[in-house]
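Shown next: upload-v3.csv, given as CSV, C-alpha atoms.
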```csv
chain,number,residue,atom,x,y,z
S,1,MET,CA,-20.1,18.0,-69.9
S,2,SER,CA,-18.1,17.8,-66.7
S,3,GLN,CA,-20.0,17.3,-63.5
S,4,THR,CA,-19.3,19.2,-60.2
S,5,THR,CA,-19.8,17.3,-57.0
S,6,VAL,CA,-21.2,19.4,-54.2
S,7,ILE,CA,-20.4,18.2,-50.6
S,8,PRO,CA,-23.5,18.6,-48.4
S,9,ALA,CA,-22.8,21.0,-45.5
S,10,ALA,CA,-23.7,18.3,-43.0
S,11,THR,CA,-20.9,16.0,-44.2
S,12,ALA,CA,-18.3,18.6,-45.2
S,13,GLU,CA,-15.0,18.1,-43.3
S,14,LEU,CA,-14.2,21.0,-41.0
S,15,PRO,CA,-10.7,21.8,-39.7
S,16,THR,CA,-10.2,20.3,-36.2
S,17,PRO,CA,-8.0,21.8,-33.6
S,18,PRO,CA,-4.8,20.0,-33.0
S,19,ASP,CA,-4.4,17.6,-30.0
S,20,ARG,CA,-1.4,17.7,-27.7
S,21,ALA,CA,0.4,15.0,-29.8
S,22,HIS,CA,0.8,17.7,-32.4
S,23,PHE,CA,3.1,19.6,-30.0
S,24,LEU,CA,5.3,16.6,-29.1
S,25,SER,CA,8.6,16.1,-31.0
S,26,GLY,CA,8.4,12.3,-31.1
S,27,THR,CA,11.6,11.9,-29.1
S,28,ALA,CA,11.0,9.6,-26.1
S,29,PRO,CA,11.5,11.5,-22.8
S,30,ARG,CA,14.5,10.3,-20.8
S,31,TRP,CA,13.3,10.8,-17.2
S,32,CYS,CA,13.1,8.4,-14.3
S,33,PRO,CA,9.8,6.4,-14.4
S,34,GLY,CA,7.4,8.2,-12.2
S,35,CYS,CA,9.1,11.6,-12.5
S,36,GLY,CA,6.8,14.6,-12.2
S,37,CYS,CA,8.3,16.0,-15.4
S,38,PHE,CA,6.0,13.6,-17.4
S,39,GLY,CA,2.9,15.3,-15.9
S,40,VAL,CA,4.3,18.8,-16.7
S,41,LEU,CA,5.1,17.8,-20.3
S,42,LYS,CA,1.5,16.4,-20.7
S,43,SER,CA,-0.1,19.5,-19.2
S,44,LEU,CA,2.0,22.0,-21.1
S,45,THR,CA,1.5,20.4,-24.5
S,46,ALA,CA,-2.2,20.0,-23.7
S,47,THR,CA,-2.2,23.7,-23.0
S,48,TYR,CA,-0.5,24.5,-26.3
S,49,ALA,CA,-3.2,22.5,-28.1
S,50,ARG,CA,-5.9,24.2,-26.1
S,51,LEU,CA,-4.6,27.7,-27.0
S,52,GLY,CA,-4.4,26.9,-30.7
S,53,VAL,CA,-1.1,28.8,-31.1
S,54,PRO,CA,0.7,27.5,-34.2
S,55,ARG,CA,3.8,25.5,-33.4
S,56,GLU,CA,6.0,27.9,-35.4
S,57,ARG,CA,5.0,30.7,-33.0
S,58,LEU,CA,6.0,28.8,-29.8
S,59,VAL,CA,9.5,28.7,-28.4
S,60,THR,CA,10.4,26.5,-25.4
S,61,ILE,CA,13.7,27.5,-23.7
S,62,SER,CA,15.5,25.8,-20.8
S,63,GLY,CA,18.8,25.8,-18.9
S,64,ILE,CA,20.5,22.8,-17.5
S,65,GLY,CA,19.0,19.9,-15.4
S,66,CYS,CA,16.5,17.1,-15.6
S,67,THR,CA,13.7,19.5,-16.1
S,68,SER,CA,15.6,21.4,-18.7
S,69,ARG,CA,15.4,18.4,-21.1
S,70,LEU,CA,11.7,19.3,-21.8
S,71,PRO,CA,12.3,21.3,-25.0
S,72,TYR,CA,13.6,18.2,-26.7
S,73,TYR,CA,10.2,16.6,-26.2
S,74,THR,CA,8.1,19.5,-27.5
S,75,GLY,CA,7.4,19.9,-31.2
S,76,THR,CA,8.1,23.7,-31.1
S,77,TYR,CA,11.1,25.8,-31.6
S,78,GLY,CA,13.4,25.7,-28.7
S,79,PHE,CA,16.8,26.1,-27.0
S,80,HIS,CA,18.7,24.0,-24.4
S,81,THR,CA,20.9,26.8,-23.1
S,82,LEU,CA,23.6,27.3,-20.5
S,83,HIS,CA,23.1,26.7,-16.8
S,84,GLY,CA,20.9,29.4,-15.3
S,85,ARG,CA,20.9,31.5,-18.5
S,86,ALA,CA,17.6,30.5,-20.0
S,87,PRO,CA,15.8,33.8,-18.9
S,88,SER,CA,18.4,35.9,-20.8
S,89,VAL,CA,18.2,33.8,-23.9
S,90,ALA,CA,14.4,34.0,-23.7
S,91,LEU,CA,14.5,37.8,-23.4
S,92,GLY,CA,16.7,38.0,-26.5
S,93,VAL,CA,14.2,35.9,-28.5
S,94,LYS,CA,11.2,37.9,-27.4
S,95,LEU,CA,12.9,41.3,-28.2
S,96,VAL,CA,13.9,40.1,-31.7
S,97,ASN,CA,10.4,38.7,-32.4
S,98,PRO,CA,7.7,39.9,-30.1
S,99,GLU,CA,5.0,37.8,-31.9
S,100,LEU,CA,6.5,34.6,-30.5
S,101,SER,CA,5.0,32.9,-27.4
S,102,VAL,CA,8.2,32.3,-25.3
S,103,TRP,CA,8.2,29.8,-22.4
S,104,VAL,CA,11.1,29.2,-20.0
S,105,ILE,CA,11.4,25.8,-18.3
S,106,SER,CA,13.8,25.7,-15.4
S,107,GLY,CA,14.6,23.8,-12.2
S,108,ASP,CA,15.2,25.1,-8.6
S,109,GLY,CA,19.0,24.6,-9.0
S,110,ASP,CA,19.1,26.1,-12.4
S,111,ALA,CA,17.0,29.2,-11.7
S,112,LEU,CA,17.8,29.9,-8.1
S,113,ALA,CA,21.5,29.1,-7.7
S,114,ILE,CA,23.7,30.0,-10.7
S,115,GLY,CA,20.7,31.6,-12.4
S,116,THR,CA,19.3,33.7,-9.6
S,117,ASN,CA,20.3,37.1,-11.0
S,118,HIS,CA,18.9,36.2,-14.4
S,119,THR,CA,15.6,35.0,-12.9
S,120,LEU,CA,15.2,38.2,-10.7
S,121,HIS,CA,15.9,40.6,-13.6
S,122,LEU,CA,13.5,38.7,-15.9
S,123,LEU,CA,10.8,39.1,-13.3
S,124,ARG,CA,11.4,42.7,-12.4
S,125,ARG,CA,11.6,43.8,-16.1
S,126,ASN,CA,8.2,42.3,-16.9
S,127,PRO,CA,8.7,41.1,-20.5
S,128,ASP,CA,5.9,39.0,-22.0
S,129,ILE,CA,7.6,35.7,-21.2
S,130,LYS,CA,6.2,32.7,-19.3
S,131,MET,CA,8.5,30.9,-16.8
S,132,LEU,CA,7.8,27.5,-15.3
S,133,LEU,CA,10.1,26.7,-12.3
S,134,LEU,CA,9.9,23.0,-11.6
S,135,ASN,CA,10.9,22.7,-7.9
S,136,ASN,CA,11.9,19.2,-6.7
S,137,GLN,CA,14.1,20.7,-3.9
S,138,ILE,CA,17.1,18.7,-5.1
S,139,TYR,CA,19.7,18.5,-7.9
S,140,GLY,CA,18.6,15.5,-9.9
S,141,LEU,CA,20.8,15.5,-13.0
S,142,THR,CA,24.0,15.6,-10.9
S,143,LYS,CA,22.8,12.9,-8.5
S,144,GLY,CA,21.1,14.3,-5.5
S,145,GLN,CA,22.9,17.3,-4.0
S,146,ALA,CA,21.1,19.9,-2.0
S,147,SER,CA,19.6,22.8,-3.9
S,148,PRO,CA,18.6,26.4,-2.8
S,149,THR,CA,15.1,25.1,-2.0
S,150,SER,CA,16.1,22.0,0.0
S,151,PRO,CA,14.4,22.0,3.4
S,152,LEU,CA,16.5,22.4,6.6
S,153,GLY,CA,17.9,19.2,7.8
S,154,LEU,CA,17.6,17.3,4.6
S,155,VAL,CA,20.5,14.7,4.2
S,156,THR,CA,21.8,14.7,0.7
S,157,ARG,CA,25.1,13.7,-1.0
S,158,SER,CA,26.4,17.2,-0.5
S,159,THR,CA,24.9,17.7,3.0
S,160,PRO,CA,25.6,14.4,4.9
S,161,TYR,CA,24.9,16.2,8.2
S,162,GLY,CA,21.7,17.8,6.9
S,163,VAL,CA,21.0,21.1,5.1
S,164,ALA,CA,21.9,24.1,7.3
S,165,ASP,CA,20.7,26.9,5.0
S,166,ALA,CA,17.2,28.3,5.1
S,167,PRO,CA,15.5,27.4,1.8
S,168,ILE,CA,14.3,29.9,-0.8
S,169,ASN,CA,10.5,30.2,-1.3
S,170,PRO,CA,10.2,30.7,-5.1
S,171,VAL,CA,6.8,32.3,-5.0
S,172,ASN,CA,7.7,34.8,-2.3
S,173,LEU,CA,10.9,35.6,-4.3
S,174,ALA,CA,8.9,36.2,-7.4
S,175,LEU,CA,6.5,38.5,-5.6
S,176,ALA,CA,9.3,40.4,-4.0
S,177,ALA,CA,10.8,40.9,-7.4
S,178,GLY,CA,7.6,42.5,-8.6
S,179,ALA,CA,6.4,39.8,-11.0
S,180,SER,CA,3.0,40.7,-12.4
S,181,PHE,CA,1.8,37.1,-12.6
S,182,VAL,CA,2.8,34.5,-9.9
S,183,ALA,CA,1.3,31.1,-9.3
S,184,ARG,CA,1.9,27.7,-7.8
S,185,VAL,CA,0.6,24.3,-8.8
S,186,ALA,CA,1.4,20.6,-8.0
S,187,ASP,CA,2.6,18.2,-10.7
S,188,THR,CA,-0.2,15.7,-9.7
S,189,ASN,CA,-3.0,18.1,-10.6
S,190,GLY,CA,-3.1,18.2,-14.4
S,191,ALA,CA,-6.4,20.2,-14.5
S,192,MET,CA,-5.0,23.0,-12.3
S,193,MET,CA,-1.7,23.0,-14.3
S,194,GLU,CA,-3.6,23.5,-17.6
S,195,GLU,CA,-5.8,26.2,-16.1
S,196,VAL,CA,-2.9,28.1,-14.7
S,197,PHE,CA,-0.7,27.7,-17.8
S,198,ALA,CA,-3.5,29.0,-19.9
S,199,ALA,CA,-4.0,32.0,-17.6
S,200,ALA,CA,-0.2,32.6,-17.7
S,201,HIS,CA,-0.3,32.6,-21.5
S,202,ALA,CA,-3.2,35.1,-21.6
S,203,HIS,CA,-1.4,37.4,-19.2
S,204,ARG,CA,0.3,40.3,-20.8
S,205,GLY,CA,3.7,40.5,-19.1
S,206,VAL,CA,5.9,38.1,-17.3
S,207,ALA,CA,4.3,35.0,-15.7
S,208,PHE,CA,6.1,32.9,-13.1
S,209,VAL,CA,4.6,29.5,-12.1
S,210,GLU,CA,6.2,27.3,-9.5
S,211,VAL,CA,5.4,23.6,-10.1
S,212,LEU,CA,5.8,21.4,-7.0
S,213,LEU,CA,7.7,18.5,-8.6
S,214,ASN,CA,8.4,15.1,-7.2
S,215,CYS,CA,11.8,13.5,-7.8
S,216,VAL,CA,11.3,9.8,-7.3
S,217,THR,CA,15.0,9.0,-7.3
S,218,PHE,CA,16.6,11.5,-5.0
S,219,HIS,CA,13.8,13.2,-3.0
S,220,ASP,CA,10.7,11.1,-3.2
S,221,GLY,CA,7.7,12.3,-1.3
S,222,ALA,CA,8.9,15.9,-0.9
S,223,TYR,CA,5.3,17.1,-1.3
S,224,ALA,CA,3.5,14.0,-0.1
S,225,MET,CA,1.4,15.9,2.5
S,226,ILE,CA,0.2,18.3,-0.2
S,227,THR,CA,-0.4,15.8,-3.0
S,228,ASP,CA,-1.3,12.4,-1.4
S,229,LYS,CA,-5.0,11.5,-1.6
S,230,ASP,CA,-5.2,10.8,2.2
S,231,THR,CA,-3.7,14.1,3.3
S,232,ARG,CA,-4.1,16.7,0.6
S,233,ASP,CA,-7.4,18.0,1.9
S,234,GLU,CA,-5.8,18.9,5.1
S,235,TYR,CA,-2.6,20.4,3.8
S,236,ALA,CA,-3.4,21.9,0.4
S,237,LEU,CA,-5.6,25.0,-0.3
S,238,ALA,CA,-6.8,25.8,-3.8
S,239,MET,CA,-7.3,29.6,-3.8
S,240,CYS,CA,-10.4,30.9,-5.6
S,241,PRO,CA,-10.3,34.7,-6.2
S,242,GLY,CA,-12.7,36.6,-4.0
S,243,GLN,CA,-13.8,33.5,-2.1
S,244,PRO,CA,-13.1,32.6,1.6
S,245,LEU,CA,-9.9,30.6,1.9
S,246,LEU,CA,-11.4,27.3,2.9
S,247,TYR,CA,-9.8,23.8,3.1
S,248,GLY,CA,-9.9,20.5,5.0
S,249,LYS,CA,-12.4,17.7,4.9
S,250,GLN,CA,-15.7,19.1,3.6
S,251,GLN,CA,-14.0,22.6,3.6
S,252,ARG,CA,-14.5,23.0,7.3
S,253,LYS,CA,-11.4,25.0,8.0
S,254,VAL,CA,-11.0,28.7,7.1
S,255,LEU,CA,-8.1,31.1,7.3
S,256,VAL,CA,-8.5,34.3,9.3
S,257,ALA,CA,-6.2,37.2,10.2
S,258,ASP,CA,-5.2,37.6,13.8
S,259,ASN,CA,-3.0,40.7,14.6
S,260,GLY,CA,-1.1,40.4,11.3
S,261,ARG,CA,-0.8,36.6,11.4
S,262,ILE,CA,-2.8,34.0,9.5
S,263,LEU,CA,-4.5,31.4,11.6
S,264,ALA,CA,-6.6,28.3,10.7
S,265,LEU,CA,-10.1,28.3,12.3
S,266,PRO,CA,-12.1,25.1,12.4
S,267,LEU,CA,-15.8,25.4,11.6
S,268,ALA,CA,-18.4,23.3,13.3
S,269,GLU,CA,-21.0,21.4,11.3
S,270,GLY,CA,-23.4,23.9,9.9
S,271,GLU,CA,-21.4,26.9,11.1
S,272,ALA,CA,-21.3,29.8,8.7
S,273,VAL,CA,-18.1,31.3,7.4
S,274,PRO,CA,-17.2,34.2,9.7
S,275,ASP,CA,-16.9,37.7,8.4
S,276,GLN,CA,-13.2,37.9,9.3
S,277,ALA,CA,-12.4,35.0,6.9
S,278,LEU,CA,-9.6,36.0,4.6
S,279,ARG,CA,-10.4,36.4,0.9
S,280,HIS,CA,-7.6,36.5,-1.6
S,281,ASP,CA,-7.6,38.9,-4.6
S,282,PRO,CA,-4.7,38.4,-7.0
S,283,GLN,CA,-5.5,41.7,-8.6
S,284,ALA,CA,-5.0,43.7,-5.3
S,285,GLY,CA,-2.6,46.6,-5.5
S,286,ASP,CA,-0.8,45.4,-2.4
S,287,ALA,CA,0.9,42.0,-2.6
S,288,GLY,CA,1.2,41.7,1.2
S,289,LEU,CA,-1.4,39.1,1.7
S,290,ALA,CA,-0.1,37.1,-1.3
S,291,GLN,CA,3.3,37.0,0.3
S,292,GLN,CA,1.9,35.7,3.6
S,293,LEU,CA,0.0,33.0,1.7
S,294,ALA,CA,3.1,32.1,-0.2
S,295,LEU,CA,5.0,31.4,3.0
S,296,MET,CA,2.4,29.1,4.5
S,297,GLY,CA,3.0,25.4,4.7
S,298,PRO,CA,2.4,22.2,6.7
S,299,PRO,CA,2.0,21.1,9.4
S,300,ASP,CA,0.5,24.2,10.9
S,301,LEU,CA,-1.1,25.8,7.8
S,302,PRO,CA,-1.9,24.5,4.3
S,303,CYS,CA,0.2,25.1,1.2
S,304,ALA,CA,-1.6,27.6,-1.0
S,305,LEU,CA,-2.0,26.7,-4.7
S,306,GLY,CA,-3.3,28.7,-7.6
S,307,ILE,CA,-2.7,32.3,-8.7
S,308,PHE,CA,-1.2,34.6,-6.1
S,309,ARG,CA,-0.7,37.7,-8.3
S,310,GLN,CA,-2.2,38.9,-11.6
S,311,VAL,CA,-1.8,42.6,-12.3
S,312,GLN,CA,-1.0,44.7,-15.3
S,313,ALA,CA,2.2,46.6,-15.6
S,314,PRO,CA,4.2,48.1,-18.5
S,315,VAL,CA,5.7,45.3,-20.6
S,316,TYR,CA,9.4,45.4,-21.2
S,317,GLY,CA,10.2,46.0,-24.9
S,318,LEU,CA,6.6,46.7,-25.9
S,319,ASP,CA,5.3,49.6,-23.7
S,320,PRO,CA,6.9,53.0,-23.2
S,321,LYS,CA,8.5,53.5,-19.8
S,322,PRO,CA,6.3,55.3,-17.3
S,323,ASP,CA,7.2,59.0,-16.6
```
Starting from the file, lay out its structure as structure tokens.
Amino acid sequence: MSQTTVIPAATAELPTPPDRAHFLSGTAPRWCPGCGCFGVLKSLTATYARLGVPRERLVTISGIGCTSRLPYYTGTYGFHTLHGRAPSVALGVKLVNPELSVWVISGDGDALAIGTNHTLHLLRRNPDIKMLLLNNQIYGLTKGQASPTSPLGLVTRSTPYGVADAPINPVNLALAAGASFVARVADTNGAMMEEVFAAAHAHRGVAFVEVLLNCVTFHDGAYAMITDKDTRDEYALAMCPGQPLLYGKQQRKVLVADNGRILALPLAEGEAVPDQALRHDPQAGDAGLAQQLALMGPPDLPCALGIFRQVQAPVYGLDPKPD
């Protein structure tokens, strides 16, 4: 008589969720040592693992540039497309197969120079696509020319006398285009990247996330005031929905409104947060405050990080057009 072995419930092997290595291709990344792209790759693949989306339902699409190499290093479907055209390719993929989770990886030169129109139309149409714009304020792959986000006065190989053009603010541009989800994170904060990436994935509609990325070779320290341990408390503000906008050592500075302007108000030891303290609501119908927060920056005001906008709108290709 044959015997049947029964595995006790306590020792039965249960399926375990995949770790982030499951979403890596096995190809060694070819970025400069210390490049912020390594942190983005780690957080993105960790987010993929956290979400539990099967690899065959993920698509990672990029244009041209150092940041656009990322699809080679993910174990998902992907495209390395033409310069600036990743949003259009992504839209085609999503329309053909709406069940796919489609992610666009782009740089400031790729998305905001030759690809500006493609980026704007992606954001205004509101397809269910997630776009990460890795902003290092420079062209890295072509050896250090000024990009559309380079700060005024920056000396580069293409601007030996300093940049003379006002830089584009990617978050403000996305808000102006009507994007339904807009956020900003720093490449040094893996926990915030994972939280925001997961929120972007959960959002039904287009999600635009600017990643403040350090280029160690051609523009090292671009965001040092915002990311360095000694200065980040004074120059970075992590927004918490519905809460006063506090920052600084021991959170003793608060943002207030003064005749349409945003001012920083220091708080004395033990002083309560004033009633006029600004509170950010990413789900507000009016994006005016979000745009003001997006434009802030050192040295007078902190750089706002987190989710600026998170509202629902008809999704391109899925929902009927409003009357």
Quiz prompt | Sel. within 12 Å of pt (7.0, 11.8, -2.6), counting all atoms listed in the file, output as a list in words | solution =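 In the file's frame, the residues around the point are Gly34, Cys35, Gly36, Asn136, Gln137, Ala186, Asp187, Thr188, Leu212, Leu213, Asn214, Cys215, Val216, Thr217, Phe218, His219, Asp220, Gly221, Ala222, Tyr223, Ala224, Met225, Ile226, Thr227 and Asp228 of chain S.
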Those same residues - C-alpha atoms - I'd like them written as a short mmCIF file (atom, residue, chain, number, x, y, z; two decimals), in the frame of the given file.
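To be explicit, this is the file written out as result35.cif:
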```cif
data_model
loop_
_atom_site.label_atom_id
_atom_site.label_comp_id
_atom_site.auth_asym_id
_atom_site.auth_seq_id
_atom_site.Cartn_x
_atom_site.Cartn_y
_atom_site.Cartn_z
CA GLY S 34 7.40 8.20 -12.20
CA CYS S 35 9.10 11.60 -12.50
CA GLY S 36 6.80 14.60 -12.20
CA ASN S 136 11.90 19.20 -6.70
CA GLN S 137 14.10 20.70 -3.90
CA ALA S 186 1.40 20.60 -8.00
CA ASP S 187 2.60 18.20 -10.70
CA THR S 188 -0.20 15.70 -9.70
CA LEU S 212 5.80 21.40 -7.00
CA LEU S 213 7.70 18.50 -8.60
CA ASN S 214 8.40 15.10 -7.20
CA CYS S 215 11.80 13.50 -7.80
CA VAL S 216 11.30 9.80 -7.30
CA THR S 217 15.00 9.00 -7.30
CA PHE S 218 16.60 11.50 -5.00
CA HIS S 219 13.80 13.20 -3.00
CA ASP S 220 10.70 11.10 -3.20
CA GLY S 221 7.70 12.30 -1.30
CA ALA S 222 8.90 15.90 -0.90
CA TYR S 223 5.30 17.10 -1.30
CA ALA S 224 3.50 14.00 -0.10
CA MET S 225 1.40 15.90 2.50
CA ILE S 226 0.20 18.30 -0.20
CA THR S 227 -0.40 15.80 -3.00
CA ASP S 228 -1.30 12.40 -1.40
#
```
Quiz item: Mind listing as a PyMOL selection string all residues within 10 Å of (-14.0, 30.5, 5.9), counting all atoms listed in the file?
Solution: chain S and resi 243-247+251-256+264-267+271-279
What lies within 9 Å of Met193 in chain S using all atoms listed in the file, ignoring chain neighbours under 4 positions off, as a JSON list (two decimals) with C-alpha atoms, keeping the file's coordinate frame?
```json
[["chain", "number", "residue", "atom", "x", "y", "z"],
["S", 40, "VAL", "CA", 4.30, 18.80, -16.70],
["S", 43, "SER", "CA", -0.10, 19.50, -19.20],
["S", 44, "LEU", "CA", 2.00, 22.00, -21.10],
["S", 47, "THR", "CA", -2.20, 23.70, -23.00],
["S", 184, "ARG", "CA", 1.90, 27.70, -7.80],
["S", 185, "VAL", "CA", 0.60, 24.30, -8.80],
["S", 186, "ALA", "CA", 1.40, 20.60, -8.00],
["S", 187, "ASP", "CA", 2.60, 18.20, -10.70],
["S", 188, "THR", "CA", -0.20, 15.70, -9.70],
["S", 189, "ASN", "CA", -3.00, 18.10, -10.60],
["S", 197, "PHE", "CA", -0.70, 27.70, -17.80],
["S", 198, "ALA", "CA", -3.50, 29.00, -19.90],
["S", 211, "VAL", "CA", 5.40, 23.60, -10.10],
["S", 306, "GLY", "CA", -3.30, 28.70, -7.60]]
```
Exercise. Go through S:Val155, S:Ala202, S:Ala238, S:Ala257 and flag the residue nearest Ala304 in chain S, using only C-alpha atoms for the distances.
Key: S:Ala238
Quiz item: S:Thr27, S:Val102, S:Lys42, S:Glu56: which is nearest Ala191 in chain S, counting all atoms listed in the file?
Solution: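 Ranked by minimum distance to Ala191 in chain S, first place goes to S:Lys42.
For the atom pair formed by CA of Gln250 in chain S and CA of Asp233 in chain S, the distance is 8.5 Å, given to one decimal.
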Quiz item: Using all atoms listed in the file, which of S:Pro314, S:Pro160, S:Gly52, S:Gly297 sits nearest Arg204 in chain S?
Solution: S:Pro314
Reconstruct N, CA and C atoms of range 140-152 of chain S; output as a PDB file, in the coordinates of the input.
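Result written to selection-v4.pdb:
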```
ATOM      1  N   GLY S 140      18.781  16.882  -9.396  1.00  0.00           N
ATOM      2  CA  GLY S 140      18.600  15.500  -9.900  1.00  0.00           C
ATOM      3  C   GLY S 140      19.581  15.072 -10.892  1.00  0.00           C
ATOM      4  N   LEU S 141      19.908  15.925 -11.869  1.00  0.00           N
ATOM      5  CA  LEU S 141      20.800  15.500 -13.000  1.00  0.00           C
ATOM      6  C   LEU S 141      22.185  15.158 -12.457  1.00  0.00           C
ATOM      7  N   THR S 142      22.658  15.862 -11.432  1.00  0.00           N
ATOM      8  CA  THR S 142      24.000  15.600 -10.900  1.00  0.00           C
ATOM      9  C   THR S 142      23.980  14.740  -9.655  1.00  0.00           C
ATOM     10  N   LYS S 143      22.881  14.025  -9.467  1.00  0.00           N
ATOM     11  CA  LYS S 143      22.800  12.900  -8.500  1.00  0.00           C
ATOM     12  C   LYS S 143      22.581  13.249  -7.066  1.00  0.00           C
ATOM     13  N   GLY S 144      21.665  14.201  -6.818  1.00  0.00           N
ATOM     14  CA  GLY S 144      21.100  14.300  -5.500  1.00  0.00           C
ATOM     15  C   GLY S 144      21.796  15.217  -4.487  1.00  0.00           C
ATOM     16  N   GLN S 145      22.382  16.330  -4.955  1.00  0.00           N
ATOM     17  CA  GLN S 145      22.900  17.300  -4.000  1.00  0.00           C
ATOM     18  C   GLN S 145      21.808  18.265  -3.565  1.00  0.00           C
ATOM     19  N   ALA S 146      22.040  18.946  -2.443  1.00  0.00           N
ATOM     20  CA  ALA S 146      21.100  19.900  -2.000  1.00  0.00           C
ATOM     21  C   ALA S 146      20.993  21.107  -2.914  1.00  0.00           C
ATOM     22  N   SER S 147      19.793  21.657  -3.054  1.00  0.00           N
ATOM     23  CA  SER S 147      19.600  22.800  -3.900  1.00  0.00           C
ATOM     24  C   SER S 147      19.168  24.015  -3.030  1.00  0.00           C
ATOM     25  N   PRO S 148      18.994  25.199  -3.606  1.00  0.00           N
ATOM     26  CA  PRO S 148      18.600  26.400  -2.800  1.00  0.00           C
ATOM     27  C   PRO S 148      17.215  26.237  -2.166  1.00  0.00           C
ATOM     28  N   THR S 149      16.401  25.266  -2.607  1.00  0.00           N
ATOM     29  CA  THR S 149      15.100  25.100  -2.000  1.00  0.00           C
ATOM     30  C   THR S 149      14.988  23.864  -1.105  1.00  0.00           C
ATOM     31  N   SER S 150      16.091  23.166  -0.903  1.00  0.00           N
ATOM     32  CA  SER S 150      16.100  22.000   0.000  1.00  0.00           C
ATOM     33  C   SER S 150      15.705  22.384   1.393  1.00  0.00           C
ATOM     34  N   PRO S 151      14.849  21.623   2.055  1.00  0.00           N
ATOM     35  CA  PRO S 151      14.400  22.000   3.400  1.00  0.00           C
ATOM     36  C   PRO S 151      15.548  21.782   4.434  1.00  0.00           C
ATOM     37  N   LEU S 152      15.472  22.531   5.503  1.00  0.00           N
ATOM     38  CA  LEU S 152      16.500  22.400   6.600  1.00  0.00           C
ATOM     39  C   LEU S 152      16.523  20.974   7.089  1.00  0.00           C
TER      40      LEU S 152
END
```
